[in-house]
file query19.tsv (TSV, C-alpha atoms)
chain	number	residue	atom	x	y	z
D	1280	MET	CA	-36.51	18.83	21.58
D	1281	LYS	CA	-37.13	21.73	19.29
D	1282	VAL	CA	-35.59	21.63	15.86
D	1283	SER	CA	-33.60	24.77	16.56
D	1284	THR	CA	-32.11	23.23	19.74
D	1285	LEU	CA	-31.19	20.09	17.82
D	1286	LEU	CA	-29.59	22.16	15.10
D	1287	LEU	CA	-27.62	24.11	17.68
D	1288	ARG	CA	-26.37	20.88	19.20
D	1289	ILE	CA	-25.30	19.51	15.85
D	1290	ILE	CA	-23.44	22.72	15.10
D	1291	SER	CA	-21.67	22.73	18.46
D	1292	VAL	CA	-20.61	19.09	18.12
D	1293	GLY	CA	-19.37	19.88	14.63
D	1294	ALA	CA	-17.39	22.83	15.96
D	1295	LEU	CA	-15.87	20.61	18.67
D	1296	VAL	CA	-14.79	18.01	16.13
D	1297	ALA	CA	-13.33	20.67	13.84
D	1298	GLY	CA	-11.58	22.28	16.80
D	1299	SER	CA	-9.98	19.05	17.96
D	1300	GLY	CA	-8.80	18.35	14.43
D	1301	ALA	CA	-7.12	21.73	14.28
D	1302	LEU	CA	-5.12	20.94	17.43
D	1303	ALA	CA	-3.12	18.28	15.59
D	1304	ALA	CA	-0.34	19.99	13.67
D	1305	GLU	CA	-0.53	19.57	9.92
D	1306	GLY	CA	2.73	18.15	8.60
D	1307	ASP	CA	4.61	19.69	5.68
D	1308	PRO	CA	6.98	17.20	4.02
D	1309	VAL	CA	9.05	19.94	2.40
D	1310	ALA	CA	9.58	21.68	5.75
D	1311	GLY	CA	10.26	18.25	7.26
D	1312	LYS	CA	13.09	17.58	4.83
D	1313	GLY	CA	14.80	20.71	6.13
D	1314	LYS	CA	14.60	19.43	9.71
D	1315	THR	CA	16.23	16.01	9.28
D	1316	SER	CA	19.78	17.02	10.24
D	1317	MET	CA	19.45	15.19	13.58
D	1318	CYS	CA	17.89	12.12	11.93
D	1319	VAL	CA	20.00	11.31	8.88
D	1320	GLY	CA	23.19	10.43	10.78
D	1321	CYS	CA	21.50	7.22	11.92
D	1322	HIS	CA	18.24	6.72	10.02
D	1323	GLY	CA	19.63	7.84	6.66
D	1324	ILE	CA	22.42	5.28	6.42
D	1325	PRO	CA	21.39	1.87	5.06
D	1326	GLY	CA	22.24	-0.89	7.54
D	1327	TYR	CA	23.39	1.51	10.28
D	1328	HIS	CA	23.57	0.09	13.80
D	1329	THR	CA	22.97	1.77	17.13
D	1330	ALA	CA	26.04	1.87	19.35
D	1331	PHE	CA	24.41	2.48	22.72
D	1332	PRO	CA	22.88	1.15	24.94
D	1333	GLU	CA	22.25	-1.93	22.76
D	1334	VAL	CA	23.45	-2.77	19.28
D	1335	TYR	CA	20.85	-3.32	16.58
D	1336	HIS	CA	19.86	-1.83	13.24
D	1337	VAL	CA	18.18	1.56	13.54
D	1338	PRO	CA	14.62	1.25	12.25
D	1339	LYS	CA	13.72	2.12	8.67
D	1340	LEU	CA	11.40	5.12	8.52
D	1341	GLY	CA	10.75	5.53	4.79
D	1342	GLY	CA	7.12	4.82	4.00
D	1343	GLN	CA	6.04	4.59	7.66
D	1344	HIS	CA	2.66	6.08	8.63
D	1345	ALA	CA	2.95	9.74	9.68
D	1346	ALA	CA	0.54	9.27	12.59
D	1347	TYR	CA	2.70	6.48	14.01
D	1348	LEU	CA	5.91	8.50	13.60
D	1349	VAL	CA	4.38	11.45	15.48
D	1350	LYS	CA	3.23	9.10	18.23
D	1351	ALA	CA	6.70	7.55	18.53
D	1352	LEU	CA	8.36	10.98	18.79
D	1353	GLN	CA	5.82	12.12	21.39
D	1354	GLU	CA	6.48	8.99	23.44
D	1355	TYR	CA	10.23	9.61	23.36
D	1356	LYS	CA	9.64	13.22	24.40
D	1357	ALA	CA	7.33	12.15	27.22
D	1358	GLY	CA	9.83	9.53	28.38
D	1359	ASN	CA	7.57	6.56	27.67
D	1360	ARG	CA	10.12	5.13	25.28
D	1361	SER	CA	13.60	4.80	26.58
D	1362	HIS	CA	16.23	5.19	23.86
D	1363	PRO	CA	18.61	7.89	25.23
D	1364	SER	CA	19.51	9.53	21.89
D	1365	MET	CA	15.92	9.59	20.71
D	1366	ARG	CA	14.72	11.05	23.99
D	1367	ALA	CA	17.30	13.82	23.80
D	1368	ILE	CA	16.45	14.62	20.17
D	1369	ALA	CA	12.67	14.44	20.60
D	1370	ALA	CA	12.86	16.72	23.66
D	1371	GLY	CA	13.85	19.59	21.38
D	1372	LEU	CA	11.12	19.05	18.80
D	1373	SER	CA	7.89	21.04	18.72
D	1374	ASP	CA	4.58	19.48	17.67
D	1375	GLN	CA	5.04	21.20	14.31
D	1376	ASP	CA	8.57	19.77	13.90
D	1377	MET	CA	7.26	16.28	14.64
D	1378	ALA	CA	4.40	16.64	12.16
D	1379	ASP	CA	6.75	17.95	9.46
D	1380	LEU	CA	9.33	15.19	9.98
D	1381	ALA	CA	6.61	12.52	10.00
D	1382	ALA	CA	5.13	13.92	6.78
D	1383	TYR	CA	8.59	13.84	5.18
D	1384	TYR	CA	9.39	10.23	6.13
D	1385	ALA	CA	5.88	9.01	5.27
D	1386	SER	CA	5.79	10.74	1.91
D	1387	ASP	CA	7.48	7.94	-0.01
D	1388	ALA	CA	4.76	5.47	0.92
D	1389	MET	CA	3.88	4.58	-2.64
D	1390	LYS	CA	7.48	4.18	-3.69
D	1391	ALA	CA	8.20	2.12	-0.59
D	1392	ALA	CA	5.30	-0.23	-1.20
D	1393	ALA	CA	6.32	-0.67	-4.84
D	1394	LYS	CA	9.92	-1.51	-4.00
P	1316	MET	CA	50.47	-20.59	12.72
P	1317	LYS	CA	49.00	-19.35	9.43
P	1318	ARG	CA	46.30	-21.98	9.61
P	1319	THR	CA	45.45	-21.01	13.17
P	1320	LEU	CA	45.18	-17.37	12.11
P	1321	LEU	CA	42.99	-18.30	9.15
P	1322	GLY	CA	40.80	-20.39	11.42
P	1323	ALA	CA	40.53	-17.55	13.91
P	1324	CYS	CA	39.54	-15.14	11.14
P	1325	CYS	CA	36.88	-17.54	9.81
P	1326	LEU	CA	35.50	-17.95	13.30
P	1327	MET	CA	35.37	-14.18	13.82
P	1328	ILE	CA	33.57	-13.67	10.52
P	1329	ALA	CA	31.09	-16.42	11.38
P	1330	LEU	CA	30.43	-14.87	14.78
P	1331	SER	CA	29.99	-11.35	13.44
P	1332	ALA	CA	27.49	-12.41	10.75
P	1333	PRO	CA	23.96	-11.37	11.71
P	1334	ALA	CA	22.33	-14.22	13.56
P	1335	LEU	CA	19.09	-14.65	11.66
P	1336	ALA	CA	17.70	-17.39	13.83
P	1337	GLY	CA	14.03	-17.02	12.96
P	1338	ASP	CA	12.11	-19.09	10.42
P	1339	ALA	CA	10.02	-16.83	8.17
P	1340	ASP	CA	7.61	-19.61	7.11
P	1341	ALA	CA	6.94	-20.52	10.72
P	1342	GLY	CA	6.55	-16.81	11.47
P	1343	LYS	CA	3.91	-16.42	8.76
P	1344	LYS	CA	1.86	-19.18	10.41
P	1345	LYS	CA	2.10	-17.40	13.75
P	1346	SER	CA	1.18	-13.98	12.35
P	1347	GLN	CA	-2.65	-14.18	12.28
P	1348	THR	CA	-3.05	-12.12	15.44
P	1349	CYS	CA	-0.62	-9.50	14.15
P	1350	ALA	CA	-2.34	-9.23	10.76
P	1351	ALA	CA	-5.49	-7.72	12.28
P	1352	CYS	CA	-3.66	-4.45	12.88
P	1353	HIS	CA	-0.38	-4.67	10.96
P	1354	GLY	CA	-1.84	-6.15	7.75
P	1355	PRO	CA	-1.24	-9.66	6.34
P	1356	ASP	CA	2.28	-8.82	5.13
P	1357	GLY	CA	3.06	-6.11	7.69
P	1358	ASN	CA	2.04	-3.19	5.45
P	1359	SER	CA	-0.60	-1.88	7.84
P	1360	SER	CA	-3.32	0.24	6.30
P	1361	ALA	CA	-4.27	1.89	9.59
P	1362	PRO	CA	-2.19	5.02	10.25
P	1363	ASP	CA	-1.97	4.45	14.01
P	1364	PHE	CA	-0.43	1.01	13.60
P	1365	PRO	CA	3.11	0.94	12.28
P	1366	LYS	CA	4.12	-0.81	9.12
P	1367	ILE	CA	6.57	-3.56	9.98
P	1368	ALA	CA	7.07	-5.08	6.52
P	1369	GLY	CA	10.71	-4.84	5.56
P	1370	GLN	CA	11.74	-3.51	8.98
P	1371	HIS	CA	15.12	-4.78	10.24
P	1372	TYR	CA	15.05	-8.23	11.84
P	1373	ASP	CA	16.98	-7.19	14.92
P	1374	TYR	CA	14.92	-4.03	15.44
P	1375	LEU	CA	11.72	-6.10	15.41
P	1376	LEU	CA	13.32	-8.48	17.93
P	1377	LYS	CA	14.21	-5.55	20.15
P	1378	ALA	CA	10.72	-4.01	19.94
P	1379	LEU	CA	8.97	-7.29	20.79
P	1380	LYS	CA	11.44	-8.01	23.58
P	1381	ASP	CA	10.89	-4.53	25.05
P	1382	TYR	CA	7.10	-4.91	24.92
P	1383	LYS	CA	7.45	-8.25	26.68
P	1384	SER	CA	9.75	-6.92	29.40
P	1385	GLY	CA	7.68	-3.76	29.87
P	1386	ALA	CA	10.59	-1.50	28.85
P	1387	ARG	CA	8.30	-0.28	26.09
P	1388	LYS	CA	4.82	0.35	27.36
P	1389	ASN	CA	1.84	-0.19	25.12
P	1390	PRO	CA	-1.57	-1.38	26.29
P	1391	ILE	CA	-2.29	-3.13	22.98
P	1392	MET	CA	1.05	-4.85	22.41
P	1393	ALA	CA	1.77	-5.87	26.01
P	1394	PRO	CA	-0.89	-8.62	26.32
P	1395	LEU	CA	-0.21	-9.83	22.76
P	1396	VAL	CA	3.48	-10.49	23.33
P	1397	ALA	CA	3.08	-11.84	26.86
P	1398	ASN	CA	2.67	-15.41	25.64
P	1399	LEU	CA	5.21	-15.32	22.84
P	1400	THR	CA	8.31	-17.47	23.27
P	1401	GLN	CA	11.76	-16.32	22.16
P	1402	ARG	CA	11.32	-18.70	19.20
P	1403	ASP	CA	7.95	-17.10	18.27
P	1404	ILE	CA	9.52	-13.63	18.41
P	1405	GLU	CA	12.40	-14.73	16.17
P	1406	ASP	CA	10.04	-16.40	13.66
P	1407	LEU	CA	7.73	-13.36	13.49
P	1408	ALA	CA	10.67	-10.99	13.09
P	1409	ALA	CA	12.06	-13.19	10.30
P	1410	TYR	CA	8.71	-13.19	8.51
P	1411	TYR	CA	8.06	-9.44	8.63
P	1412	SER	CA	11.64	-8.42	7.90
P	1413	SER	CA	11.54	-10.54	4.74
P	1414	GLN	CA	8.45	-8.74	3.37
P	1415	ARG	CA	8.62	-5.68	1.11
P	1416	GLY	CA	7.61	-2.40	2.67
P	1417	LEU	CA	9.66	0.09	4.64
P	1418	VAL	CA	12.82	1.60	3.18
P	1419	THR	CA	15.77	3.56	4.52
P	1420	LYS	CA	15.13	7.16	3.57
P	1421	TYR	CA	17.89	9.75	3.65

call {"tool": "encode", "arguments": {"input": "query19.tsv", "output": "structure tokens"}}
result
Amino acid sequence: MKVSTLLLRIISVGALVAGSGALAAEGDPVAGKGKTSMCVGCHGIPGYHTAFPEVYHVPKLGGQHAAYLVKALQEYKAGNRSHPSMRAIAAGLSDQDMADLAAYYASDAMKAAAK
Amino acid sequence: MKRTLLGACCLMIALSAPALAGDADAGKKKSQTCAACHGPDGNSSAPDFPKIAGQHYDYLLKALKDYKSGARKNPIMAPLVANLTQRDIEDLAAYYSSQRGLVTKY
């Protein structure tokens, strides 16, 4: 293989990697804070319980990894996770909304770990 | 009559108290497999794997139960929970919920 061909290959692989990275929406925690109106009624109240279809504490989100939060929202939107309220809420979220919300809830990681 | 009422109230309070059946110490001993992804105390350092330290006991129970029943589908978790007993699930949930980590964020 000629050096120039090798170089071309390296550049194209690099472009592919950069391109795939750009597909994932970058989360903005400040924008995320402005989008929590559908979240706080359950996730913002300490000790809050679900009412339907089963009763248990709604999960804590503060300090959770952003990547995991995005994945959870995508799974609700896709129907792979079954909670009715979460499916309905996630259905209306764009990839950017999910990334912003995840960035907001993840942003207290240091504080959460210290608590 | 008063005593009966008092007794009934006590019973209702006892029944409504959260049933924390799991044993955190036993859960810690059973957590080696979990630690590989979720971290030794549940504060996972890998962004794809959720932190479970400090998560609510009953939410952890629900998640593990749903993985076991297949209601929640995950190729990694499904085989790991397949052999857990109800007791194991309760002990693990007790252990991770008693660790410091996640918080309720408004």

call {"tool": "interface_residues", "arguments": {"input": "query19.tsv", "of": "chain D", "to": "chain P", "cutoff": "6 Å", "atoms": "only C-alpha atoms", "output": "ChimeraX atom specification"}}
result
/D:1319,1323,1325,1335-1336,1339,1341-1344,1346-1347,1360,1391-1392

call {"tool": "atom_distance", "arguments": {"input": "query19.tsv", "atom1": "atom CA of Gly1311 of chain D", "atom2": "atom CA of Leu1340 of chain D"}}
result
13.2 Å

call {"tool": "atom_distance", "arguments": {"input": "query19.tsv", "atom1": "atom CA of Asp1403 of chain P", "atom2": "atom CA of Gly1337 of chain P"}}
result
8.1 Å

call {"tool": "residues_near_point", "arguments": {"input": "query19.tsv", "point": "(6.8, -8.9, 28.5)", "cutoff": "9 Å", "atoms": "only C-alpha atoms", "output": "list of chain:residue names"}}
result
P:Leu1379, P:Lys1380, P:Asp1381, P:Tyr1382, P:Lys1383, P:Ser1384, P:Gly1385, P:Ala1386, P:Ala1393, P:Pro1394, P:Val1396, P:Ala1397, P:Asn1398, P:Leu1399

call {"tool": "closest_residue", "arguments": {"input": "query19.tsv", "among": "D:Leu1380, D:Ala1367, D:Leu1352, D:Ala1385", "to": "Lys1312 of chain D", "atoms": "only C-alpha atoms"}}
result
D:Leu1380

call {"tool": "residues_around", "arguments": {"input": "query19.tsv", "residues": "Ile1368 of chain D", "least_positions_apart": "6", "cutoff": "10 Å", "atoms": "all atoms listed in the file", "output": "count of residues only"}}
result
5

call {"tool": "residues_around", "arguments": {"input": "query19.tsv", "residues": "Val1309 of chain D", "least_positions_apart": "3", "cutoff": "8 Å", "atoms": "only C-alpha atoms", "output": "number ranges by chain"}}
result
D: 1312-1313, 1379, 1383

call {"tool": "closest_residue", "arguments": {"input": "query19.tsv", "among": "D:Val1337, D:Ala1304, D:Ala1381, D:Cys1321", "to": "Val1349 of chain D", "atoms": "only C-alpha atoms"}}
result
D:Ala1381

call {"tool": "atom_distance", "arguments": {"input": "query19.tsv", "atom1": "atom CA of Lys1344 of chain P", "atom2": "atom CA of Pro1338 of chain D"}}
result
24.2 Å

call {"tool": "axis_aligned_box", "arguments": {"input": "query19.tsv", "around": "segment 1374-1378 of chain P", "padding_each_side": "8 Å", "output": "JSON"}}
result
{"center_x": 12.8, "center_y": -6.2, "center_z": 17.8, "size_x": 20.2, "size_y": 20.5, "size_z": 20.7}

call {"tool": "residues_around", "arguments": {"input": "query19.tsv", "residues": "Ala1341 of chain P", "least_positions_apart": "2", "cutoff": "9 Å", "atoms": "all atoms listed in the file", "output": "JSON, numbers by chain"}}
result
{"P": [1337, 1338, 1339, 1343, 1344, 1345, 1346, 1403, 1406, 1407, 1409, 1410]}

call {"tool": "build_atoms", "arguments": {"input": "query19.tsv", "residues": "segment 1383-1415 of chain P", "atoms": "N, CA and C atoms", "output": "JSON list (two decimals), keeping the file's coordinate frame"}}
result
[["chain", "number", "residue", "atom", "x", "y", "z"],
["P", 1383, "LYS", "N", 7.60, -7.12, 25.78],
["P", 1383, "LYS", "CA", 7.45, -8.25, 26.68],
["P", 1383, "LYS", "C", 8.00, -7.93, 28.07],
["P", 1384, "SER", "N", 9.14, -7.23, 28.10],
["P", 1384, "SER", "CA", 9.75, -6.92, 29.40],
["P", 1384, "SER", "C", 9.07, -5.73, 30.08],
["P", 1385, "GLY", "N", 8.30, -4.95, 29.30],
["P", 1385, "GLY", "CA", 7.68, -3.76, 29.87],
["P", 1385, "GLY", "C", 8.54, -2.52, 29.70],
["P", 1386, "ALA", "N", 9.74, -2.66, 29.09],
["P", 1386, "ALA", "CA", 10.59, -1.50, 28.85],
["P", 1386, "ALA", "C", 9.90, -0.54, 27.89],
["P", 1387, "ARG", "N", 9.12, -1.10, 26.98],
["P", 1387, "ARG", "CA", 8.30, -0.28, 26.09],
["P", 1387, "ARG", "C", 6.85, -0.55, 26.46],
["P", 1388, "LYS", "N", 6.17, 0.52, 26.83],
["P", 1388, "LYS", "CA", 4.82, 0.35, 27.36],
["P", 1388, "LYS", "C", 3.78, 0.61, 26.29],
["P", 1389, "ASN", "N", 2.94, -0.37, 26.07],
["P", 1389, "ASN", "CA", 1.84, -0.19, 25.12],
["P", 1389, "ASN", "C", 0.72, -1.13, 25.50],
["P", 1390, "PRO", "N", -0.46, -0.55, 25.79],
["P", 1390, "PRO", "CA", -1.57, -1.38, 26.29],
["P", 1390, "PRO", "C", -2.07, -2.41, 25.27],
["P", 1391, "ILE", "N", -1.83, -2.16, 23.99],
["P", 1391, "ILE", "CA", -2.29, -3.13, 22.98],
["P", 1391, "ILE", "C", -1.26, -4.24, 22.82],
["P", 1392, "MET", "N", 0.01, -3.86, 22.68],
["P", 1392, "MET", "CA", 1.05, -4.85, 22.41],
["P", 1392, "MET", "C", 1.39, -5.71, 23.63],
["P", 1393, "ALA", "N", 1.33, -5.14, 24.82],
["P", 1393, "ALA", "CA", 1.77, -5.87, 26.01],
["P", 1393, "ALA", "C", 1.09, -7.24, 26.16],
["P", 1394, "PRO", "N", -0.26, -7.30, 26.15],
["P", 1394, "PRO", "CA", -0.89, -8.62, 26.32],
["P", 1394, "PRO", "C", -0.64, -9.55, 25.13],
["P", 1395, "LEU", "N", -0.41, -8.98, 23.95],
["P", 1395, "LEU", "CA", -0.21, -9.83, 22.76],
["P", 1395, "LEU", "C", 1.15, -10.52, 22.77],
["P", 1396, "VAL", "N", 2.15, -9.87, 23.33],
["P", 1396, "VAL", "CA", 3.48, -10.49, 23.33],
["P", 1396, "VAL", "C", 3.73, -11.32, 24.59],
["P", 1397, "ALA", "N", 2.85, -11.18, 25.57],
["P", 1397, "ALA", "CA", 3.08, -11.84, 26.86],
["P", 1397, "ALA", "C", 3.30, -13.35, 26.71],
["P", 1398, "ASN", "N", 2.56, -13.95, 25.78],
["P", 1398, "ASN", "CA", 2.67, -15.41, 25.64],
["P", 1398, "ASN", "C", 3.60, -15.86, 24.52],
["P", 1399, "LEU", "N", 4.29, -14.93, 23.91],
["P", 1399, "LEU", "CA", 5.21, -15.32, 22.84],
["P", 1399, "LEU", "C", 6.52, -15.85, 23.44],
["P", 1400, "THR", "N", 7.00, -16.96, 22.86],
["P", 1400, "THR", "CA", 8.31, -17.47, 23.27],
["P", 1400, "THR", "C", 9.38, -16.73, 22.48],
["P", 1401, "GLN", "N", 10.64, -16.91, 22.90],
["P", 1401, "GLN", "CA", 11.76, -16.32, 22.16],
["P", 1401, "GLN", "C", 11.73, -16.82, 20.71],
["P", 1402, "ARG", "N", 11.39, -18.10, 20.54],
["P", 1402, "ARG", "CA", 11.32, -18.70, 19.20],
["P", 1402, "ARG", "C", 10.22, -18.00, 18.35],
["P", 1403, "ASP", "N", 9.05, -17.79, 18.98],
["P", 1403, "ASP", "CA", 7.95, -17.10, 18.27],
["P", 1403, "ASP", "C", 8.41, -15.71, 17.81],
["P", 1404, "ILE", "N", 9.07, -15.00, 18.71],
["P", 1404, "ILE", "CA", 9.52, -13.63, 18.41],
["P", 1404, "ILE", "C", 10.50, -13.65, 17.24],
["P", 1405, "GLU", "N", 11.41, -14.63, 17.25],
["P", 1405, "GLU", "CA", 12.40, -14.73, 16.17],
["P", 1405, "GLU", "C", 11.72, -15.07, 14.84],
["P", 1406, "ASP", "N", 10.75, -15.99, 14.89],
["P", 1406, "ASP", "CA", 10.04, -16.40, 13.66],
["P", 1406, "ASP", "C", 9.24, -15.23, 13.08],
["P", 1407, "LEU", "N", 8.53, -14.49, 13.95],
["P", 1407, "LEU", "CA", 7.73, -13.36, 13.49],
["P", 1407, "LEU", "C", 8.63, -12.26, 12.91],
["P", 1408, "ALA", "N", 9.73, -12.01, 13.58],
["P", 1408, "ALA", "CA", 10.67, -10.99, 13.09],
["P", 1408, "ALA", "C", 11.24, -11.41, 11.74],
["P", 1409, "ALA", "N", 11.53, -12.70, 11.58],
["P", 1409, "ALA", "CA", 12.06, -13.19, 10.30],
["P", 1409, "ALA", "C", 11.03, -13.03, 9.20],
["P", 1410, "TYR", "N", 9.77, -13.31, 9.52],
["P", 1410, "TYR", "CA", 8.71, -13.19, 8.51],
["P", 1410, "TYR", "C", 8.54, -11.74, 8.06],
["P", 1411, "TYR", "N", 8.34, -10.83, 9.01],
["P", 1411, "TYR", "CA", 8.06, -9.44, 8.63],
["P", 1411, "TYR", "C", 9.27, -8.74, 8.01],
["P", 1412, "SER", "N", 10.46, -9.07, 8.48],
["P", 1412, "SER", "CA", 11.64, -8.42, 7.90],
["P", 1412, "SER", "C", 11.88, -8.88, 6.47],
["P", 1413, "SER", "N", 11.32, -10.04, 6.10],
["P", 1413, "SER", "CA", 11.54, -10.54, 4.74],
["P", 1413, "SER", "C", 10.48, -10.04, 3.76],
["P", 1414, "GLN", "N", 9.49, -9.28, 4.25],
["P", 1414, "GLN", "CA", 8.45, -8.74, 3.37],
["P", 1414, "GLN", "C", 8.89, -7.39, 2.79],
["P", 1415, "ARG", "N", 8.29, -6.98, 1.70],
["P", 1415, "ARG", "CA", 8.62, -5.68, 1.11],
["P", 1415, "ARG", "C", 7.75, -4.59, 1.71]]
